There are 2 protein chains.
Amino acid sequence: MSESSVSTFSCPIPSVRTEEIQIAHGGGGRLTQDLIDRIFATAFSNPALDARHDGAILPVDGSTRLAFTTDSHVVSPLFFQGGDIGWLAVHGTLNDLAMCGARPRWLSAAFILEEGLPMETLERVVASMAAAAREAGVAIVTGDTKVVERGKGDGLYVATSGIGTVEHDLVVAPSSIRPGDVLLLSGDIGRHGMAILAQREGLAFESPIESDSALLWPSVEILLSAGIDVHCLRDLTRGGLATAVIELAESAGLSAWIDEERIPVSESVRGACELLGLDPCYVANEGRFVAVVGASDADRALELLGRCAPGGPPARIGEFRAGLRQATLRSVVGVERILDRLSGEQLPRIC
Amino acid sequence: MSESSVSTFSCPIPSVRTEEIQIAHGGGGRLTQDLIDRIFATAFSNPALDARHDGAILPVDGSTRLAFTTDSHVVSPLFFQGGDIGWLAVHGTLNDLAMCGARPRWLSAAFILEEGLPMETLERVVASMAAAAREAGVAIVTGDTKVVERGKGDGLYVATSGIGTVEHDLVVAPSSIRPGDVLLLSGDIGRHGMAILAQREGLAFESPIESDSALLWPSVEILLSAGIDVHCLRDLTRGGLATAVIELAESAGLSAWIDEERIPVSESVRGACELLGLDPCYVANEGRFVAVVGASDADRALELLGRCAPGGPPARIGEFRAGLRQATLRSVVGVERILDRLSGEQLPRIC
């Protein structure tokens with residue numbers, strides 16, 4: 001964790017020219033936030049969107065609540081250690097539903113294909129999506145395909161949207177976070193980002209790092225079924241653990257405190273991050289999440305997650321307190337540092 | 001309507017090399033159908049998808065039925081006479097819900113932005129989406145943004161998904177079509193495709209042709225509220241009226257018969273189509289639909305559509321009969337011709 005953490009493989013810090021879209025607008029960091037605040041949130045404002053969660057909670061009628069979410073996927077390369085764009089597209093959207101406390105039920109898939117894409121590539125991606133959906137017990141019920149000319153795409157992009165059903169009375173959202181709540185992390189961080197980076201840069205590590213792409217609903221279901229007082233859930237994608245915790249603190253209007261030494265990082269990811277000057281707390285994941293639970297439920301929730309969460313053992317990494325809307329990290333040497341969103345882009349097109 | 005109809009502005013007929021994605025795979029014609037049959041329908045098969053409708057009908061619990069649909073939008077240019085990509089993205093997805101007989105309720109928007117896109121362009125598109133959603137009484141409740149490098153996109157693509165609620169007991173789907181059912185067309189055809197074509201090719205007509213992009217739910221709601229026995233609805237997008245009628249005949253397992261002289265085409269569209277050698281029956285629309293109703297309801301349905309459908313007056317253009325799964329057009333000179341899907345692409349990136 002150092003100030004140099006975003007140097008080696010990051011894009012240049014954006015210049016003062018902000019009148020054009022920059023790569024970092026898609027990075028999940030400060031410019032993404034600016035775009036959301038300035039353009040989308042302003043134009044589209046409504047209660048569901050304004051909740052700033054991973055998906056929208058929709059009241060269908062008196063008793064039924066749905067979760068609804070969408071993601072576009074532009075990961076490069078299309079195939080990587082531990083997964084591919086299809087695997088990621090299904091997991092990413094289903095995980096966003098799970099983070100709303102909703103059981104994933106139905107998916108849509110909208111493809112943008114580039115002229116010249118080998119049919120065999122499309123077939124592999126589609127087979128991957130079908131397998132991931134089948135594993136999750138979810139049906140891909142509707143879709144669309146468009147084709148753009150050579151040079152106007154990059155092989156294949158796919159946007160997936162998902163619908164889930166909320167089958168409990170909790171409000172799993174940043175607004176439910178209270179001072180004293182505990183932050184649990186489901187498993188070790190940084191695998192997805194480092195797997196993509198290694199693949200893209202042609203780096204060979206002793207043991208190849210595989211993406212952590214995984215379904216999170218089974219872990220969430222176990223917490224909910226056991227009656228854990230789940231206040232909020234957030235999966236760690238673009239921007240990694242640090243950005244997720246910053247977002248939760250800001251949305252909840254509280255301060256978050258996390259301990260670096262409690263954050264699980266595998267030896268291979270730690271080694272690769274040190275080699276490349278990257279901070280694992282900002283590296284993307286696709287199968288890890290934080291759960292915010294009441295303090296009295298923390299031990300039991302940790303024990304339940306330990307039975308099922310991918311990448312475990314899980315860890316209790318911090319808590320929320322009253323105070324400024326910010327996140328603070330206590331480093332392994334005891335120094336406290338306020339976390340900030342990345343202003344550049346650590347690793348473009350990670351998902 | 002002639003054999004030369006797809007010559008002047010169409011792509012070449014695809015070669016025998018089918019192992020790569022071709023532009024025509026996105027055209028809504030024969031290759032799109034091949035792609036759906038060979039790859040998507042096989043891999044993702046489930047009852048909702050297999051219904052081959054504009055959206056999926058989902059049973060949420062005992063009594064509630066939802067419609068769910070998705071579209072990716074890659075129209076070029078982004079702005080055209082009578083609309084823009086944002087307008088189209090909202091209308092297109094809401095219209096697919098309406099074609100399921102569902103009241104549009106919620107939308108998602110997933111953007112893929114190209115590095116270097118002027119922020120002002122994004123702002124205009126987003127403002128357009130917000131206005132279209134507001135007009136429809138629909139909220140854009142969740143979204144996502146990704147950015148791709150210069151040269152890996154074409155300014156802006158957006159995928160919208162929508163959820164609607166089915167508030168009646170009808171099954172509005174191809175499976176409900178019966179021999180003797182009547183085909184009603186909501187208004188004049190071909191405006192959207194010709195507006196895009198004129199813009200793209202720099203053609204100037206005496207009176208500029210504007211896209212017909214419009215919301216179709218108000219027209220559908222009037223039919224449903226009046227108790228019309230609506231069997232099926234289909235909006236006329238890529239591939240135009242001809243492709244929609246072919247699809248309905250094939251899905252319903254019936255033969256469709258339509259009369260060319262009853263099909264409303266404006267003077268300006270007819271003139272432009274003649275000039276360019278295009279068949280208006282294959283030109284894309286974004287605010288027109290066909291309604292299939294029981295024969296005893298046809299006159300009343302026509303009268304109701306006449307009060308509200310954009311581009312009216314509507315017309316009774318044909319009917320379904322028992323027989324081969326195909327569509328036949330009786331030309332203005334009385335010659336009958338079996339309609340076929342286009343094998344090339346009349347006009348790429350129309351939506």
# chains A, B, ... in the order shown; residues from 1 in each chain; ligands from 1
>>> interface_residues(of="chain A", to="chain B", cutoff="6 Å", atoms="only C-alpha atoms", output="PDB file with C-alpha atoms, in the first residue's frame")
ATOM      1  CA  GLU A  19     -14.900  17.713 -22.207  1.00  0.00           C
ATOM      2  CA  GLU A  20     -14.198  14.290 -23.715  1.00  0.00           C
ATOM      3  CA  ILE A  21     -14.732  10.787 -22.414  1.00  0.00           C
ATOM      4  CA  GLN A  22     -11.470   9.372 -21.083  1.00  0.00           C
ATOM      5  CA  ILE A  23     -10.565   5.775 -20.358  1.00  0.00           C
ATOM      6  CA  GLY A  26     -14.950   3.661 -17.092  1.00  0.00           C
ATOM      7  CA  ALA A  43     -30.934  13.422 -15.830  1.00  0.00           C
ATOM      8  CA  PHE A  44     -32.505  10.175 -14.639  1.00  0.00           C
ATOM      9  CA  ALA A  48     -34.538   3.578  -7.041  1.00  0.00           C
ATOM     10  CA  LEU A  49     -31.575   5.086  -8.907  1.00  0.00           C
ATOM     11  CA  GLY A  55     -29.237  -2.675  -8.517  1.00  0.00           C
ATOM     12  CA  ALA A  56     -32.670  -1.129  -8.136  1.00  0.00           C
ATOM     13  CA  THR A  69     -29.598  -4.544 -12.534  1.00  0.00           C
ATOM     14  CA  THR A  70     -27.528  -4.162 -15.707  1.00  0.00           C
ATOM     15  CA  ASP A  71     -23.876  -4.319 -16.774  1.00  0.00           C
ATOM     16  CA  SER A  72     -22.077  -3.896 -20.052  1.00  0.00           C
ATOM     17  CA  ALA A 110     -27.616  -8.024 -25.612  1.00  0.00           C
ATOM     18  CA  GLU A 115     -17.826  -7.999 -38.238  1.00  0.00           C
ATOM     19  CA  GLY A 116     -15.194 -10.703 -38.696  1.00  0.00           C
ATOM     20  CA  LEU A 117     -15.552 -12.211 -35.220  1.00  0.00           C
ATOM     21  CA  PRO A 118     -14.899 -15.942 -35.609  1.00  0.00           C
ATOM     22  CA  MET A 119     -18.158 -17.817 -35.093  1.00  0.00           C
ATOM     23  CA  ALA A 130     -25.203 -21.014 -20.709  1.00  0.00           C
ATOM     24  CA  VAL A 141     -34.911 -15.482 -21.296  1.00  0.00           C
ATOM     25  CA  THR A 142     -34.468 -12.687 -23.827  1.00  0.00           C
ATOM     26  CA  GLY A 143     -31.721 -11.261 -25.999  1.00  0.00           C
ATOM     27  CA  ASP A 144     -30.630  -9.109 -28.882  1.00  0.00           C
ATOM     28  CA  LYS A 146     -26.308  -6.145 -33.307  1.00  0.00           C
ATOM     29  CA  VAL A 147     -23.288  -6.179 -35.598  1.00  0.00           C
ATOM     30  CA  LYS A 152     -15.944  -0.259 -34.773  1.00  0.00           C
ATOM     31  CA  GLY A 153     -15.829  -2.825 -31.987  1.00  0.00           C
ATOM     32  CA  ASP A 154     -13.361  -5.197 -30.398  1.00  0.00           C
TER      33      ASP A 154
END
>>> select_by_dssp(residues="range 164-321 of chain A", states="strand (DSSP E or B)", output="PDB file with N, CA, C and O atoms, in the first residue's frame")
ATOM      1  N   GLY A 164     -34.149 -10.291 -10.025  1.00  0.00           N
ATOM      2  CA  GLY A 164     -34.184 -11.203  -8.893  1.00  0.00           C
ATOM      3  C   GLY A 164     -35.379 -10.902  -8.016  1.00  0.00           C
ATOM      4  O   GLY A 164     -36.014  -9.852  -8.154  1.00  0.00           O
ATOM      5  N   THR A 165     -35.693 -11.841  -7.148  1.00  0.00           N
ATOM      6  CA  THR A 165     -36.816 -11.617  -6.235  1.00  0.00           C
ATOM      7  C   THR A 165     -36.288 -11.478  -4.806  1.00  0.00           C
ATOM      8  O   THR A 165     -35.393 -12.214  -4.384  1.00  0.00           O
ATOM      9  N   VAL A 166     -36.838 -10.520  -4.087  1.00  0.00           N
ATOM     10  CA  VAL A 166     -36.450 -10.282  -2.696  1.00  0.00           C
ATOM     11  C   VAL A 166     -37.418 -11.072  -1.823  1.00  0.00           C
ATOM     12  O   VAL A 166     -38.616 -10.813  -1.845  1.00  0.00           O
ATOM     13  N   VAL A 182     -20.365  -4.070  11.477  1.00  0.00           N
ATOM     14  CA  VAL A 182     -19.084  -4.722  11.204  1.00  0.00           C
ATOM     15  C   VAL A 182     -18.950  -5.025   9.709  1.00  0.00           C
ATOM     16  O   VAL A 182     -19.928  -5.379   9.041  1.00  0.00           O
ATOM     17  N   LEU A 183     -17.748  -4.870   9.174  1.00  0.00           N
ATOM     18  CA  LEU A 183     -17.431  -5.167   7.773  1.00  0.00           C
ATOM     19  C   LEU A 183     -16.766  -6.526   7.682  1.00  0.00           C
ATOM     20  O   LEU A 183     -15.664  -6.725   8.197  1.00  0.00           O
ATOM     21  N   LEU A 184     -17.429  -7.445   6.999  1.00  0.00           N
ATOM     22  CA  LEU A 184     -16.844  -8.769   6.756  1.00  0.00           C
ATOM     23  C   LEU A 184     -16.445  -8.859   5.286  1.00  0.00           C
ATOM     24  O   LEU A 184     -17.183  -8.404   4.414  1.00  0.00           O
ATOM     25  N   LEU A 185     -15.307  -9.463   5.015  1.00  0.00           N
ATOM     26  CA  LEU A 185     -14.832  -9.664   3.646  1.00  0.00           C
ATOM     27  C   LEU A 185     -14.885 -11.161   3.346  1.00  0.00           C
ATOM     28  O   LEU A 185     -14.368 -11.976   4.121  1.00  0.00           O
ATOM     29  N   VAL A 230     -28.480  -8.747   7.994  1.00  0.00           N
ATOM     30  CA  VAL A 230     -27.628  -8.198   6.932  1.00  0.00           C
ATOM     31  C   VAL A 230     -28.075  -6.764   6.634  1.00  0.00           C
ATOM     32  O   VAL A 230     -29.222  -6.539   6.260  1.00  0.00           O
ATOM     33  N   HIS A 231     -27.164  -5.814   6.800  1.00  0.00           N
ATOM     34  CA  HIS A 231     -27.524  -4.418   6.529  1.00  0.00           C
ATOM     35  C   HIS A 231     -27.192  -4.014   5.094  1.00  0.00           C
ATOM     36  O   HIS A 231     -27.950  -3.289   4.463  1.00  0.00           O
ATOM     37  N   CYS A 232     -26.042  -4.461   4.627  1.00  0.00           N
ATOM     38  CA  CYS A 232     -25.658  -4.102   3.263  1.00  0.00           C
ATOM     39  C   CYS A 232     -24.676  -5.128   2.717  1.00  0.00           C
ATOM     40  O   CYS A 232     -23.957  -5.791   3.477  1.00  0.00           O
ATOM     41  N   LEU A 233     -24.653  -5.255   1.401  1.00  0.00           N
ATOM     42  CA  LEU A 233     -23.718  -6.138   0.704  1.00  0.00           C
ATOM     43  C   LEU A 233     -23.157  -5.351  -0.478  1.00  0.00           C
ATOM     44  O   LEU A 233     -23.863  -4.557  -1.086  1.00  0.00           O
ATOM     45  N   ARG A 234     -21.892  -5.614  -0.812  1.00  0.00           N
ATOM     46  CA  ARG A 234     -21.316  -4.945  -1.987  1.00  0.00           C
ATOM     47  C   ARG A 234     -20.230  -5.829  -2.560  1.00  0.00           C
ATOM     48  O   ARG A 234     -19.323  -6.235  -1.823  1.00  0.00           O
ATOM     49  N   ASP A 235     -20.343  -6.157  -3.844  1.00  0.00           N
ATOM     50  CA  ASP A 235     -19.269  -6.953  -4.440  1.00  0.00           C
ATOM     51  C   ASP A 235     -18.132  -6.040  -4.881  1.00  0.00           C
ATOM     52  O   ASP A 235     -18.325  -4.859  -5.161  1.00  0.00           O
ATOM     53  N   SER A 255     -18.355   6.926   8.686  1.00  0.00           N
ATOM     54  CA  SER A 255     -16.957   6.646   8.389  1.00  0.00           C
ATOM     55  C   SER A 255     -16.722   5.146   8.493  1.00  0.00           C
ATOM     56  O   SER A 255     -17.302   4.465   9.347  1.00  0.00           O
ATOM     57  N   ALA A 256     -15.903   4.654   7.585  1.00  0.00           N
ATOM     58  CA  ALA A 256     -15.551   3.229   7.588  1.00  0.00           C
ATOM     59  C   ALA A 256     -14.092   3.112   7.992  1.00  0.00           C
ATOM     60  O   ALA A 256     -13.262   3.939   7.589  1.00  0.00           O
ATOM     61  N   TRP A 257     -13.786   2.107   8.787  1.00  0.00           N
ATOM     62  CA  TRP A 257     -12.412   1.870   9.235  1.00  0.00           C
ATOM     63  C   TRP A 257     -12.054   0.432   8.909  1.00  0.00           C
ATOM     64  O   TRP A 257     -12.756  -0.488   9.321  1.00  0.00           O
ATOM     65  N   ILE A 258     -10.973   0.252   8.168  1.00  0.00           N
ATOM     66  CA  ILE A 258     -10.546  -1.123   7.891  1.00  0.00           C
ATOM     67  C   ILE A 258      -9.063  -1.301   8.234  1.00  0.00           C
ATOM     68  O   ILE A 258      -8.282  -0.353   8.187  1.00  0.00           O
ATOM     69  N   ASP A 259      -8.738  -2.558   8.603  1.00  0.00           N
ATOM     70  CA  ASP A 259      -7.369  -2.906   9.010  1.00  0.00           C
ATOM     71  C   ASP A 259      -6.681  -3.655   7.891  1.00  0.00           C
ATOM     72  O   ASP A 259      -7.115  -4.751   7.516  1.00  0.00           O
ATOM     73  N   PHE A 289     -17.023 -10.226  -1.923  1.00  0.00           N
ATOM     74  CA  PHE A 289     -17.916  -9.155  -1.481  1.00  0.00           C
ATOM     75  C   PHE A 289     -17.669  -8.812  -0.021  1.00  0.00           C
ATOM     76  O   PHE A 289     -17.044  -9.575   0.711  1.00  0.00           O
ATOM     77  N   VAL A 290     -18.158  -7.635   0.364  1.00  0.00           N
ATOM     78  CA  VAL A 290     -18.197  -7.303   1.783  1.00  0.00           C
ATOM     79  C   VAL A 290     -19.643  -7.374   2.246  1.00  0.00           C
ATOM     80  O   VAL A 290     -20.564  -6.994   1.518  1.00  0.00           O
ATOM     81  N   ALA A 291     -19.807  -7.880   3.459  1.00  0.00           N
ATOM     82  CA  ALA A 291     -21.124  -7.902   4.099  1.00  0.00           C
ATOM     83  C   ALA A 291     -21.043  -6.987   5.313  1.00  0.00           C
ATOM     84  O   ALA A 291     -20.088  -7.071   6.088  1.00  0.00           O
ATOM     85  N   VAL A 292     -22.041  -6.114   5.430  1.00  0.00           N
ATOM     86  CA  VAL A 292     -22.116  -5.241   6.599  1.00  0.00           C
ATOM     87  C   VAL A 292     -23.240  -5.780   7.480  1.00  0.00           C
ATOM     88  O   VAL A 292     -24.393  -5.859   7.041  1.00  0.00           O
ATOM     89  N   VAL A 293     -22.870  -6.194   8.698  1.00  0.00           N
ATOM     90  CA  VAL A 293     -23.864  -6.805   9.593  1.00  0.00           C
ATOM     91  C   VAL A 293     -23.799  -6.134  10.957  1.00  0.00           C
ATOM     92  O   VAL A 293     -22.790  -5.502  11.312  1.00  0.00           O
ATOM     93  N   ALA A 315     -12.976 -12.774   6.464  1.00  0.00           N
ATOM     94  CA  ALA A 315     -12.322 -12.044   7.562  1.00  0.00           C
ATOM     95  C   ALA A 315     -13.167 -10.861   8.019  1.00  0.00           C
ATOM     96  O   ALA A 315     -13.913 -10.272   7.232  1.00  0.00           O
ATOM     97  N   ARG A 316     -13.020 -10.561   9.290  1.00  0.00           N
ATOM     98  CA  ARG A 316     -13.648  -9.348   9.831  1.00  0.00           C
ATOM     99  C   ARG A 316     -12.613  -8.241   9.659  1.00  0.00           C
ATOM    100  O   ARG A 316     -11.562  -8.272  10.303  1.00  0.00           O
ATOM    101  N   ILE A 317     -12.883  -7.313   8.765  1.00  0.00           N
ATOM    102  CA  ILE A 317     -11.814  -6.363   8.409  1.00  0.00           C
ATOM    103  C   ILE A 317     -12.021  -4.965   8.955  1.00  0.00           C
ATOM    104  O   ILE A 317     -11.129  -4.126   8.838  1.00  0.00           O
ATOM    105  N   GLY A 318     -13.184  -4.663   9.544  1.00  0.00           N
ATOM    106  CA  GLY A 318     -13.354  -3.298  10.046  1.00  0.00           C
ATOM    107  C   GLY A 318     -14.776  -3.029  10.482  1.00  0.00           C
ATOM    108  O   GLY A 318     -15.576  -3.950  10.639  1.00  0.00           O
ATOM    109  N   GLU A 319     -15.072  -1.739  10.651  1.00  0.00           N
ATOM    110  CA  GLU A 319     -16.412  -1.377  11.101  1.00  0.00           C
ATOM    111  C   GLU A 319     -16.773   0.037  10.635  1.00  0.00           C
ATOM    112  O   GLU A 319     -15.930   0.783  10.141  1.00  0.00           O
ATOM    113  N   PHE A 320     -18.040   0.388  10.835  1.00  0.00           N
ATOM    114  CA  PHE A 320     -18.510   1.743  10.543  1.00  0.00           C
ATOM    115  C   PHE A 320     -18.667   2.512  11.849  1.00  0.00           C
ATOM    116  O   PHE A 320     -19.017   1.933  12.884  1.00  0.00           O
ATOM    117  N   ARG A 321     -18.373   3.804  11.771  1.00  0.00           N
ATOM    118  CA  ARG A 321     -18.552   4.672  12.931  1.00  0.00           C
ATOM    119  C   ARG A 321     -19.257   5.945  12.482  1.00  0.00           C
ATOM    120  O   ARG A 321     -19.258   6.278  11.303  1.00  0.00           O
TER     121      ARG A 321
END
>>> atom_distance(atom1="CA of Gly277 in chain A", atom2="CA of Leu342 in chain A")
14.3 Å
>>> residues_around(residues="range 269-273 of chain A", least_positions_apart="3", cutoff="10 Å", atoms="only C-alpha atoms", output="list of chain:residue names")
A:Met1, A:Ser5, A:Asp188, A:Ile189, A:Gly190, A:Arg191, A:His192, A:Gly193, A:Met194, A:Ala195, A:Leu197, A:Ala198, A:Leu203, A:Ala204, A:Phe205, A:Pro208, A:Ile209, A:Glu210, A:Pro264, A:Val265, A:Ser266, A:Leu276, A:Gly277, A:Leu278, A:Asp279, A:Pro280, A:Val283
>>> atom_distance(atom1="CA of Arg330 in chain B", atom2="CA of Asp96 in chain B")
28.3 Å
>>> select_by_dssp(residues="range 157-242 of chain A", states="helix (DSSP H, G or I)", output="list in words")
Pro174, Ser175, Ser176, Arg191, His192, Gly193, Met194, Ala195, Ile196, Leu197, Ala198, Gln199, Arg200, Glu201, Trp217, Pro218, Ser219, Val220, Glu221, Ile222, Leu223, Leu224, Ser225, Gly240, Leu241 and Ala242 of chain A
>>> write_last_selection(atoms="N, CA and C atoms", output="PDB file, in the first residue's frame")
ATOM      1  N   PRO A 174     -27.133   0.617   1.389  1.00  0.00           N
ATOM      2  CA  PRO A 174     -26.272   1.508   2.185  1.00  0.00           C
ATOM      3  C   PRO A 174     -27.046   2.275   3.265  1.00  0.00           C
ATOM      4  N   SER A 175     -28.309   2.589   2.985  1.00  0.00           N
ATOM      5  CA  SER A 175     -29.090   3.366   3.964  1.00  0.00           C
ATOM      6  C   SER A 175     -29.342   2.591   5.250  1.00  0.00           C
ATOM      7  N   SER A 176     -29.130   1.275   5.233  1.00  0.00           N
ATOM      8  CA  SER A 176     -29.360   0.479   6.449  1.00  0.00           C
ATOM      9  C   SER A 176     -28.110   0.361   7.328  1.00  0.00           C
ATOM     10  N   ARG A 191      -7.523 -11.310  -7.252  1.00  0.00           N
ATOM     11  CA  ARG A 191      -7.209 -12.335  -8.246  1.00  0.00           C
ATOM     12  C   ARG A 191      -7.662 -11.962  -9.658  1.00  0.00           C
ATOM     13  N   HIS A 192      -8.889 -11.448  -9.790  1.00  0.00           N
ATOM     14  CA  HIS A 192      -9.390 -11.191 -11.143  1.00  0.00           C
ATOM     15  C   HIS A 192      -8.514 -10.164 -11.879  1.00  0.00           C
ATOM     16  N   GLY A 193      -8.266  -9.050 -11.220  1.00  0.00           N
ATOM     17  CA  GLY A 193      -7.464  -8.006 -11.849  1.00  0.00           C
ATOM     18  C   GLY A 193      -6.080  -8.496 -12.232  1.00  0.00           C
ATOM     19  N   MET A 194      -5.448  -9.257 -11.345  1.00  0.00           N
ATOM     20  CA  MET A 194      -4.091  -9.711 -11.630  1.00  0.00           C
ATOM     21  C   MET A 194      -4.086 -10.784 -12.718  1.00  0.00           C
ATOM     22  N   ALA A 195      -5.151 -11.581 -12.790  1.00  0.00           N
ATOM     23  CA  ALA A 195      -5.235 -12.589 -13.858  1.00  0.00           C
ATOM     24  C   ALA A 195      -5.330 -11.912 -15.224  1.00  0.00           C
ATOM     25  N   ILE A 196      -6.162 -10.872 -15.312  1.00  0.00           N
ATOM     26  CA  ILE A 196      -6.313 -10.137 -16.571  1.00  0.00           C
ATOM     27  C   ILE A 196      -5.003  -9.441 -16.933  1.00  0.00           C
ATOM     28  N   LEU A 197      -4.420  -8.809 -15.933  1.00  0.00           N
ATOM     29  CA  LEU A 197      -3.182  -8.060 -16.174  1.00  0.00           C
ATOM     30  C   LEU A 197      -2.082  -8.991 -16.672  1.00  0.00           C
ATOM     31  N   ALA A 198      -1.951 -10.123 -16.024  1.00  0.00           N
ATOM     32  CA  ALA A 198      -0.903 -11.080 -16.403  1.00  0.00           C
ATOM     33  C   ALA A 198      -1.102 -11.538 -17.842  1.00  0.00           C
ATOM     34  N   GLN A 199      -2.362 -11.840 -18.162  1.00  0.00           N
ATOM     35  CA  GLN A 199      -2.688 -12.308 -19.509  1.00  0.00           C
ATOM     36  C   GLN A 199      -2.383 -11.229 -20.549  1.00  0.00           C
ATOM     37  N   ARG A 200      -2.787 -10.010 -20.223  1.00  0.00           N
ATOM     38  CA  ARG A 200      -2.678  -8.930 -21.192  1.00  0.00           C
ATOM     39  C   ARG A 200      -1.230  -8.542 -21.440  1.00  0.00           C
ATOM     40  N   GLU A 201      -0.450  -8.564 -20.360  1.00  0.00           N
ATOM     41  CA  GLU A 201       0.938  -8.111 -20.470  1.00  0.00           C
ATOM     42  C   GLU A 201       1.890  -9.268 -20.750  1.00  0.00           C
ATOM     43  N   TRP A 217     -24.486 -15.542  -4.809  1.00  0.00           N
ATOM     44  CA  TRP A 217     -25.802 -15.760  -4.191  1.00  0.00           C
ATOM     45  C   TRP A 217     -25.791 -16.895  -3.167  1.00  0.00           C
ATOM     46  N   PRO A 218     -25.145 -18.036  -3.426  1.00  0.00           N
ATOM     47  CA  PRO A 218     -25.176 -19.094  -2.410  1.00  0.00           C
ATOM     48  C   PRO A 218     -24.688 -18.612  -1.044  1.00  0.00           C
ATOM     49  N   SER A 219     -23.650 -17.777  -1.022  1.00  0.00           N
ATOM     50  CA  SER A 219     -23.154 -17.249   0.258  1.00  0.00           C
ATOM     51  C   SER A 219     -24.170 -16.315   0.898  1.00  0.00           C
ATOM     52  N   VAL A 220     -24.782 -15.474   0.065  1.00  0.00           N
ATOM     53  CA  VAL A 220     -25.765 -14.524   0.590  1.00  0.00           C
ATOM     54  C   VAL A 220     -26.988 -15.280   1.111  1.00  0.00           C
ATOM     55  N   GLU A 221     -27.396 -16.299   0.391  1.00  0.00           N
ATOM     56  CA  GLU A 221     -28.578 -17.055   0.792  1.00  0.00           C
ATOM     57  C   GLU A 221     -28.370 -17.695   2.164  1.00  0.00           C
ATOM     58  N   ILE A 222     -27.166 -18.175   2.395  1.00  0.00           N
ATOM     59  CA  ILE A 222     -26.888 -18.802   3.697  1.00  0.00           C
ATOM     60  C   ILE A 222     -27.007 -17.786   4.833  1.00  0.00           C
ATOM     61  N   LEU A 223     -26.506 -16.577   4.601  1.00  0.00           N
ATOM     62  CA  LEU A 223     -26.634 -15.531   5.633  1.00  0.00           C
ATOM     63  C   LEU A 223     -28.104 -15.200   5.882  1.00  0.00           C
ATOM     64  N   LEU A 224     -28.854 -15.019   4.804  1.00  0.00           N
ATOM     65  CA  LEU A 224     -30.259 -14.622   4.945  1.00  0.00           C
ATOM     66  C   LEU A 224     -31.082 -15.737   5.583  1.00  0.00           C
ATOM     67  N   SER A 225     -30.841 -16.973   5.145  1.00  0.00           N
ATOM     68  CA  SER A 225     -31.614 -18.101   5.677  1.00  0.00           C
ATOM     69  C   SER A 225     -31.372 -18.290   7.165  1.00  0.00           C
ATOM     70  N   GLY A 240     -11.927  -2.253  -6.782  1.00  0.00           N
ATOM     71  CA  GLY A 240     -11.556  -3.146  -5.698  1.00  0.00           C
ATOM     72  C   GLY A 240     -12.195  -2.829  -4.355  1.00  0.00           C
ATOM     73  N   LEU A 241     -11.619  -3.435  -3.329  1.00  0.00           N
ATOM     74  CA  LEU A 241     -12.129  -3.301  -1.963  1.00  0.00           C
ATOM     75  C   LEU A 241     -12.166  -1.844  -1.521  1.00  0.00           C
ATOM     76  N   ALA A 242     -11.097  -1.111  -1.790  1.00  0.00           N
ATOM     77  CA  ALA A 242     -11.003   0.266  -1.294  1.00  0.00           C
ATOM     78  C   ALA A 242     -12.154   1.109  -1.817  1.00  0.00           C
TER      79      ALA A 242
END
>>> atom_distance(atom1="CA of Gly239 in chain A", atom2="CA of Ala89 in chain B")
28.8 Å
>>> closest_residue(among="B:Gly92, B:Gly227, B:Pro179, B:Gly62", to="Arg300 in chain B", atoms="only C-alpha atoms")
B:Gly227
